[in-house]
$ cat target.txt   # compact mmCIF, N, CA and C atoms
# COMPACT_ATOMS: atom_id res chain seq x y z
N LYS A 21 75.47 53.00 -81.22
CA LYS A 21 74.80 51.90 -81.91
C LYS A 21 74.84 50.63 -81.04
N GLU A 22 76.02 50.33 -80.50
CA GLU A 22 76.17 49.14 -79.65
C GLU A 22 75.35 49.27 -78.37
N LEU A 23 75.36 50.46 -77.78
CA LEU A 23 74.58 50.70 -76.57
C LEU A 23 73.09 50.56 -76.86
N GLN A 24 72.66 51.05 -78.00
CA GLN A 24 71.25 50.94 -78.38
C GLN A 24 70.84 49.48 -78.50
N GLU A 25 71.69 48.65 -79.10
CA GLU A 25 71.38 47.22 -79.23
C GLU A 25 71.31 46.54 -77.87
N LYS A 26 72.24 46.90 -76.98
CA LYS A 26 72.23 46.34 -75.63
C LYS A 26 70.97 46.74 -74.88
N LEU A 27 70.59 48.00 -75.05
CA LEU A 27 69.38 48.50 -74.38
C LEU A 27 68.13 47.79 -74.90
N GLU A 28 68.06 47.59 -76.20
CA GLU A 28 66.91 46.89 -76.78
C GLU A 28 66.80 45.47 -76.24
N LYS A 29 67.93 44.79 -76.11
CA LYS A 29 67.93 43.43 -75.57
C LYS A 29 67.56 43.45 -74.09
N ALA A 30 68.05 44.46 -73.36
CA ALA A 30 67.77 44.56 -71.93
C ALA A 30 66.28 44.78 -71.68
N LEU A 31 65.61 45.49 -72.58
CA LEU A 31 64.18 45.75 -72.42
C LEU A 31 63.36 44.46 -72.41
N ASP A 32 63.89 43.41 -73.04
CA ASP A 32 63.19 42.12 -73.05
C ASP A 32 63.05 41.52 -71.65
N TYR A 33 63.90 41.94 -70.73
CA TYR A 33 63.87 41.42 -69.37
C TYR A 33 62.88 42.15 -68.46
N LEU A 34 62.30 43.22 -68.97
CA LEU A 34 61.32 43.97 -68.18
C LEU A 34 59.94 43.35 -68.37
N THR A 35 59.09 43.57 -67.38
CA THR A 35 57.71 43.12 -67.51
C THR A 35 56.98 44.05 -68.48
N GLU A 36 55.85 43.62 -68.95
CA GLU A 36 55.05 44.44 -69.87
C GLU A 36 54.67 45.77 -69.22
N ARG A 37 54.30 45.72 -67.94
CA ARG A 37 53.93 46.96 -67.23
C ARG A 37 55.11 47.92 -67.16
N GLU A 38 56.29 47.38 -66.85
CA GLU A 38 57.48 48.23 -66.75
C GLU A 38 57.79 48.88 -68.10
N ARG A 39 57.70 48.09 -69.17
CA ARG A 39 57.96 48.63 -70.51
C ARG A 39 56.92 49.70 -70.85
N LEU A 40 55.68 49.46 -70.49
CA LEU A 40 54.61 50.43 -70.78
C LEU A 40 54.84 51.74 -70.03
N VAL A 41 55.20 51.64 -68.77
CA VAL A 41 55.46 52.85 -67.98
C VAL A 41 56.61 53.65 -68.60
N LEU A 42 57.69 52.97 -68.98
CA LEU A 42 58.83 53.66 -69.59
C LEU A 42 58.44 54.29 -70.92
N ALA A 43 57.66 53.57 -71.72
CA ALA A 43 57.23 54.10 -73.02
C ALA A 43 56.36 55.34 -72.85
N LEU A 44 55.42 55.28 -71.94
CA LEU A 44 54.54 56.42 -71.72
C LEU A 44 55.30 57.62 -71.17
N TYR A 45 56.26 57.36 -70.31
CA TYR A 45 57.02 58.44 -69.68
C TYR A 45 58.03 59.06 -70.64
N TYR A 46 58.85 58.22 -71.27
CA TYR A 46 59.94 58.74 -72.09
C TYR A 46 59.57 59.03 -73.54
N PHE A 47 58.65 58.27 -74.12
CA PHE A 47 58.33 58.46 -75.53
C PHE A 47 57.05 59.26 -75.74
N GLU A 48 56.10 59.11 -74.86
CA GLU A 48 54.84 59.85 -74.99
C GLU A 48 54.84 61.14 -74.17
N GLY A 49 55.80 61.26 -73.26
CA GLY A 49 55.93 62.49 -72.49
C GLY A 49 54.90 62.68 -71.39
N LEU A 50 54.25 61.59 -70.97
CA LEU A 50 53.27 61.70 -69.90
C LEU A 50 53.98 61.84 -68.55
N THR A 51 53.31 62.50 -67.62
CA THR A 51 53.83 62.60 -66.26
C THR A 51 53.45 61.33 -65.49
N MET A 52 54.07 61.13 -64.35
CA MET A 52 53.73 59.98 -63.51
C MET A 52 52.24 60.01 -63.14
N LYS A 53 51.76 61.20 -62.87
CA LYS A 53 50.35 61.37 -62.50
C LYS A 53 49.43 60.97 -63.65
N GLU A 54 49.78 61.37 -64.86
CA GLU A 54 48.98 61.04 -66.04
C GLU A 54 49.01 59.54 -66.32
N ILE A 55 50.18 58.94 -66.17
CA ILE A 55 50.32 57.50 -66.38
C ILE A 55 49.47 56.75 -65.36
N ALA A 56 49.51 57.20 -64.12
CA ALA A 56 48.72 56.57 -63.06
C ALA A 56 47.23 56.59 -63.42
N LYS A 57 46.78 57.70 -63.95
CA LYS A 57 45.37 57.83 -64.32
C LYS A 57 45.02 56.88 -65.47
N VAL A 58 45.90 56.80 -66.47
CA VAL A 58 45.67 55.94 -67.63
C VAL A 58 45.63 54.47 -67.24
N LEU A 59 46.57 54.07 -66.38
CA LEU A 59 46.69 52.66 -66.01
C LEU A 59 45.89 52.28 -64.76
N ASN A 60 45.23 53.27 -64.17
CA ASN A 60 44.43 53.04 -62.97
C ASN A 60 45.26 52.52 -61.80
N TYR A 61 46.44 53.13 -61.62
CA TYR A 61 47.31 52.86 -60.48
C TYR A 61 47.49 54.16 -59.71
N THR A 62 48.11 54.07 -58.56
CA THR A 62 48.46 55.30 -57.85
C THR A 62 49.74 55.86 -58.46
N GLU A 63 49.94 57.14 -58.27
CA GLU A 63 51.16 57.77 -58.75
C GLU A 63 52.38 57.14 -58.08
N SER A 64 52.22 56.77 -56.83
CA SER A 64 53.29 56.11 -56.09
C SER A 64 53.67 54.78 -56.73
N ARG A 65 52.67 54.01 -57.14
CA ARG A 65 52.94 52.71 -57.78
C ARG A 65 53.65 52.89 -59.12
N ILE A 66 53.26 53.91 -59.87
CA ILE A 66 53.92 54.19 -61.15
C ILE A 66 55.38 54.54 -60.90
N SER A 67 55.63 55.33 -59.89
CA SER A 67 57.00 55.69 -59.53
C SER A 67 57.81 54.44 -59.16
N GLN A 68 57.19 53.53 -58.42
CA GLN A 68 57.86 52.28 -58.05
C GLN A 68 58.20 51.46 -59.28
N LEU A 69 57.24 51.32 -60.19
CA LEU A 69 57.47 50.56 -61.42
C LEU A 69 58.57 51.19 -62.26
N HIS A 70 58.57 52.51 -62.34
CA HIS A 70 59.59 53.23 -63.10
C HIS A 70 60.97 52.97 -62.50
N ASN A 71 61.08 53.14 -61.20
CA ASN A 71 62.37 52.93 -60.53
C ASN A 71 62.84 51.48 -60.66
N GLN A 72 61.93 50.57 -60.52
CA GLN A 72 62.23 49.14 -60.65
C GLN A 72 62.78 48.84 -62.05
N ALA A 73 62.14 49.39 -63.05
CA ALA A 73 62.56 49.17 -64.44
C ALA A 73 63.95 49.77 -64.70
N ILE A 74 64.18 50.97 -64.20
CA ILE A 74 65.47 51.63 -64.40
C ILE A 74 66.59 50.85 -63.70
N LEU A 75 66.33 50.38 -62.49
CA LEU A 75 67.33 49.58 -61.77
C LEU A 75 67.64 48.29 -62.51
N LYS A 76 66.62 47.64 -63.05
CA LYS A 76 66.83 46.41 -63.83
C LYS A 76 67.69 46.69 -65.05
N LEU A 77 67.36 47.76 -65.77
CA LEU A 77 68.11 48.10 -66.97
C LEU A 77 69.56 48.41 -66.65
N ARG A 78 69.79 49.18 -65.61
CA ARG A 78 71.16 49.50 -65.20
C ARG A 78 71.94 48.24 -64.86
N SER A 79 71.31 47.36 -64.12
CA SER A 79 71.95 46.12 -63.72
C SER A 79 72.30 45.27 -64.93
N ILE A 80 71.38 45.13 -65.84
CA ILE A 80 71.60 44.31 -67.05
C ILE A 80 72.70 44.92 -67.91
N LEU A 81 72.66 46.23 -68.09
CA LEU A 81 73.68 46.90 -68.91
C LEU A 81 75.06 46.81 -68.27
N LYS A 82 75.10 46.83 -66.95
CA LYS A 82 76.37 46.70 -66.24
C LYS A 82 76.98 45.32 -66.47
N LEU A 83 76.11 44.31 -66.47
CA LEU A 83 76.58 42.93 -66.66
C LEU A 83 77.06 42.67 -68.08
N THR A 84 76.49 43.38 -69.04
CA THR A 84 76.85 43.13 -70.44
C THR A 84 77.99 44.01 -70.94
N SER A 85 78.47 44.92 -70.10
CA SER A 85 79.57 45.80 -70.56
C SER A 85 80.92 45.30 -70.11

$ encode --input "target.txt" --output "structure tokens"
Amino acid sequence: KELQEKLEKALDYLTERERLVLALYYFEGLTMKEIAKVLNYTESRISQLHNQAILKLRSILKLTS
């Protein structure tokens, strides 16, 4: 429960694009390739946004623990 609250707060620090990529990947089950097609980006760019978002979340969660 506490981790979930921390994660929800940490998501506020992500950009809208980063949140969208994570939502499409983890909640909608789309592949990087499918997300790239939907958002009109390259698959490589989607991968970069995903990695960037995950690194931000890890960093924020590390600071709050």

$ residues_around --input "target.txt" --residues "stretch 72-81 of chain A" --least-positions-apart "4" --cutoff "8 Å" --atoms "only N, CA and C atoms" --output "PDB file with N, CA and C atoms, in the frame of the given file"
ATOM      1  N   LYS A  26      72.240  46.900 -76.980  1.00  0.00           N
ATOM      2  CA  LYS A  26      72.230  46.340 -75.630  1.00  0.00           C
ATOM      3  C   LYS A  26      70.970  46.740 -74.880  1.00  0.00           C
ATOM      4  N   LEU A  27      70.590  48.000 -75.050  1.00  0.00           N
ATOM      5  CA  LEU A  27      69.380  48.500 -74.380  1.00  0.00           C
ATOM      6  C   LEU A  27      68.130  47.790 -74.900  1.00  0.00           C
ATOM      7  N   ALA A  30      68.050  44.460 -73.360  1.00  0.00           N
ATOM      8  CA  ALA A  30      67.770  44.560 -71.930  1.00  0.00           C
ATOM      9  C   ALA A  30      66.280  44.780 -71.680  1.00  0.00           C
ATOM     10  N   LEU A  31      65.610  45.490 -72.580  1.00  0.00           N
ATOM     11  CA  LEU A  31      64.180  45.750 -72.420  1.00  0.00           C
ATOM     12  C   LEU A  31      63.360  44.460 -72.410  1.00  0.00           C
ATOM     13  N   TYR A  33      63.900  41.940 -70.730  1.00  0.00           N
ATOM     14  CA  TYR A  33      63.870  41.420 -69.370  1.00  0.00           C
ATOM     15  C   TYR A  33      62.880  42.150 -68.460  1.00  0.00           C
ATOM     16  N   LEU A  34      62.300  43.220 -68.970  1.00  0.00           N
ATOM     17  CA  LEU A  34      61.320  43.970 -68.180  1.00  0.00           C
ATOM     18  C   LEU A  34      59.940  43.350 -68.370  1.00  0.00           C
ATOM     19  N   THR A  35      59.090  43.570 -67.380  1.00  0.00           N
ATOM     20  CA  THR A  35      57.710  43.120 -67.510  1.00  0.00           C
ATOM     21  C   THR A  35      56.980  44.050 -68.480  1.00  0.00           C
ATOM     22  N   GLU A  38      56.290  47.380 -66.850  1.00  0.00           N
ATOM     23  CA  GLU A  38      57.480  48.230 -66.750  1.00  0.00           C
ATOM     24  C   GLU A  38      57.790  48.880 -68.100  1.00  0.00           C
ATOM     25  N   ARG A  39      57.700  48.090 -69.170  1.00  0.00           N
ATOM     26  CA  ARG A  39      57.960  48.630 -70.510  1.00  0.00           C
ATOM     27  C   ARG A  39      56.920  49.700 -70.850  1.00  0.00           C
ATOM     28  N   LEU A  42      57.690  52.970 -68.980  1.00  0.00           N
ATOM     29  CA  LEU A  42      58.830  53.660 -69.590  1.00  0.00           C
ATOM     30  C   LEU A  42      58.440  54.290 -70.920  1.00  0.00           C
ATOM     31  N   ILE A  66      53.260  53.910 -59.870  1.00  0.00           N
ATOM     32  CA  ILE A  66      53.920  54.190 -61.150  1.00  0.00           C
ATOM     33  C   ILE A  66      55.380  54.540 -60.900  1.00  0.00           C
ATOM     34  N   SER A  67      55.630  55.330 -59.890  1.00  0.00           N
ATOM     35  CA  SER A  67      57.000  55.690 -59.530  1.00  0.00           C
ATOM     36  C   SER A  67      57.810  54.440 -59.160  1.00  0.00           C
ATOM     37  N   GLN A  68      57.190  53.530 -58.420  1.00  0.00           N
ATOM     38  CA  GLN A  68      57.860  52.280 -58.050  1.00  0.00           C
ATOM     39  C   GLN A  68      58.200  51.460 -59.280  1.00  0.00           C
ATOM     40  N   SER A  85      78.470  44.920 -70.100  1.00  0.00           N
ATOM     41  CA  SER A  85      79.570  45.800 -70.560  1.00  0.00           C
ATOM     42  C   SER A  85      80.920  45.300 -70.110  1.00  0.00           C
TER      43      SER A  85
END

$ select_by_dssp --input "target.txt" --residues "stretch 42-84 of chain A" --states "alpha helix (DSSP H)" --output "number ranges by chain"
A: 42, 52-59, 63-84

$ atom_distance --input "target.txt" --atom1 "atom CA of A:Glu28" --atom2 "atom C of A:Phe47"
15.9 Å

$ atom_distance --input "target.txt" --atom1 "atom CA of A:Leu83" --atom2 "atom CA of A:Leu44"
26.3 Å

$ closest_residue --input "target.txt" --among "A:Val41, A:Lys29, A:Glu36, A:Leu23" --to "A:Val58" --atoms "only C-alpha atoms"
A:Val41

$ atom_distance --input "target.txt" --atom1 "atom CA of A:Lys21" --atom2 "atom CA of A:Tyr46"
19.1 Å

$ build_atoms --input "target.txt" --residues "stretch 74-85 of chain A" --atoms "all heavy atoms" --output "JSON list (two decimals), in the coordinates of the input"
[["chain", "number", "residue", "atom", "x", "y", "z"],
["A", 74, "ILE", "N", 64.18, 50.97, -64.20],
["A", 74, "ILE", "CA", 65.47, 51.63, -64.40],
["A", 74, "ILE", "C", 66.59, 50.85, -63.70],
["A", 74, "ILE", "O", 67.67, 50.64, -64.27],
["A", 74, "ILE", "CB", 65.43, 53.09, -63.88],
["A", 74, "ILE", "CG1", 64.44, 53.92, -64.72],
["A", 74, "ILE", "CG2", 66.82, 53.72, -63.89],
["A", 74, "ILE", "CD1", 64.76, 54.02, -66.19],
["A", 75, "LEU", "N", 66.33, 50.38, -62.49],
["A", 75, "LEU", "CA", 67.33, 49.58, -61.77],
["A", 75, "LEU", "C", 67.64, 48.29, -62.51],
["A", 75, "LEU", "O", 68.80, 47.88, -62.60],
["A", 75, "LEU", "CB", 66.86, 49.28, -60.35],
["A", 75, "LEU", "CG", 66.85, 50.48, -59.40],
["A", 75, "LEU", "CD1", 66.22, 50.08, -58.06],
["A", 75, "LEU", "CD2", 68.26, 51.01, -59.18],
["A", 76, "LYS", "N", 66.62, 47.64, -63.05],
["A", 76, "LYS", "CA", 66.83, 46.41, -63.83],
["A", 76, "LYS", "C", 67.69, 46.69, -65.05],
["A", 76, "LYS", "O", 68.64, 45.96, -65.34],
["A", 76, "LYS", "CB", 65.50, 45.81, -64.29],
["A", 76, "LYS", "CG", 64.79, 44.96, -63.28],
["A", 76, "LYS", "CD", 63.58, 44.33, -63.96],
["A", 76, "LYS", "CE", 62.69, 43.60, -62.99],
["A", 76, "LYS", "NZ", 61.52, 43.02, -63.63],
["A", 77, "LEU", "N", 67.36, 47.76, -65.77],
["A", 77, "LEU", "CA", 68.11, 48.10, -66.97],
["A", 77, "LEU", "C", 69.56, 48.41, -66.65],
["A", 77, "LEU", "O", 70.48, 47.94, -67.33],
["A", 77, "LEU", "CB", 67.47, 49.30, -67.69],
["A", 77, "LEU", "CG", 66.14, 49.04, -68.37],
["A", 77, "LEU", "CD1", 65.57, 50.34, -68.94],
["A", 77, "LEU", "CD2", 66.29, 47.99, -69.47],
["A", 78, "ARG", "N", 69.79, 49.18, -65.61],
["A", 78, "ARG", "CA", 71.16, 49.50, -65.20],
["A", 78, "ARG", "C", 71.94, 48.24, -64.86],
["A", 78, "ARG", "O", 73.09, 48.09, -65.25],
["A", 78, "ARG", "CB", 71.16, 50.44, -63.99],
["A", 78, "ARG", "CG", 70.86, 51.84, -64.32],
["A", 78, "ARG", "CD", 70.97, 52.73, -63.10],
["A", 78, "ARG", "NE", 70.59, 54.08, -63.40],
["A", 78, "ARG", "CZ", 70.18, 54.96, -62.51],
["A", 78, "ARG", "NH1", 70.09, 54.61, -61.24],
["A", 78, "ARG", "NH2", 69.87, 56.17, -62.85],
["A", 79, "SER", "N", 71.31, 47.36, -64.12],
["A", 79, "SER", "CA", 71.95, 46.12, -63.72],
["A", 79, "SER", "C", 72.30, 45.27, -64.93],
["A", 79, "SER", "O", 73.41, 44.73, -65.04],
["A", 79, "SER", "CB", 71.02, 45.35, -62.77],
["A", 79, "SER", "OG", 71.55, 44.12, -62.44],
["A", 80, "ILE", "N", 71.38, 45.13, -65.84],
["A", 80, "ILE", "CA", 71.60, 44.31, -67.05],
["A", 80, "ILE", "C", 72.70, 44.92, -67.91],
["A", 80, "ILE", "O", 73.60, 44.21, -68.40],
["A", 80, "ILE", "CB", 70.29, 44.16, -67.85],
["A", 80, "ILE", "CG1", 69.29, 43.32, -67.06],
["A", 80, "ILE", "CG2", 70.55, 43.54, -69.22],
["A", 80, "ILE", "CD1", 67.87, 43.43, -67.56],
["A", 81, "LEU", "N", 72.66, 46.23, -68.09],
["A", 81, "LEU", "CA", 73.68, 46.90, -68.91],
["A", 81, "LEU", "C", 75.06, 46.81, -68.27],
["A", 81, "LEU", "O", 76.06, 46.70, -68.97],
["A", 81, "LEU", "CB", 73.29, 48.35, -69.17],
["A", 81, "LEU", "CG", 72.08, 48.54, -70.07],
["A", 81, "LEU", "CD1", 71.69, 50.01, -70.15],
["A", 81, "LEU", "CD2", 72.34, 48.01, -71.46],
["A", 82, "LYS", "N", 75.10, 46.83, -66.95],
["A", 82, "LYS", "CA", 76.37, 46.70, -66.24],
["A", 82, "LYS", "C", 76.98, 45.32, -66.47],
["A", 82, "LYS", "O", 78.17, 45.16, -66.64],
["A", 82, "LYS", "CB", 76.15, 46.94, -64.75],
["A", 82, "LYS", "CG", 77.33, 47.56, -64.03],
["A", 82, "LYS", "CD", 77.02, 47.77, -62.57],
["A", 82, "LYS", "CE", 76.57, 49.19, -62.35],
["A", 82, "LYS", "NZ", 76.44, 49.52, -60.92],
["A", 83, "LEU", "N", 76.11, 44.31, -66.47],
["A", 83, "LEU", "CA", 76.58, 42.93, -66.66],
["A", 83, "LEU", "C", 77.06, 42.67, -68.08],
["A", 83, "LEU", "O", 77.93, 41.83, -68.29],
["A", 83, "LEU", "CB", 75.44, 41.95, -66.33],
["A", 83, "LEU", "CG", 75.03, 41.84, -64.87],
["A", 83, "LEU", "CD1", 73.80, 40.96, -64.72],
["A", 83, "LEU", "CD2", 76.17, 41.30, -64.02],
["A", 84, "THR", "N", 76.49, 43.38, -69.04],
["A", 84, "THR", "CA", 76.85, 43.13, -70.44],
["A", 84, "THR", "C", 77.99, 44.01, -70.94],
["A", 84, "THR", "O", 78.42, 43.89, -72.06],
["A", 84, "THR", "CB", 75.63, 43.33, -71.37],
["A", 84, "THR", "OG1", 75.16, 44.67, -71.25],
["A", 84, "THR", "CG2", 74.54, 42.33, -71.05],
["A", 85, "SER", "N", 78.47, 44.92, -70.10],
["A", 85, "SER", "CA", 79.57, 45.80, -70.56],
["A", 85, "SER", "C", 80.92, 45.30, -70.11],
["A", 85, "SER", "O", 81.11, 44.30, -69.54],
["A", 85, "SER", "CB", 79.35, 47.22, -70.09],
["A", 85, "SER", "OG", 79.19, 47.30, -68.70]]
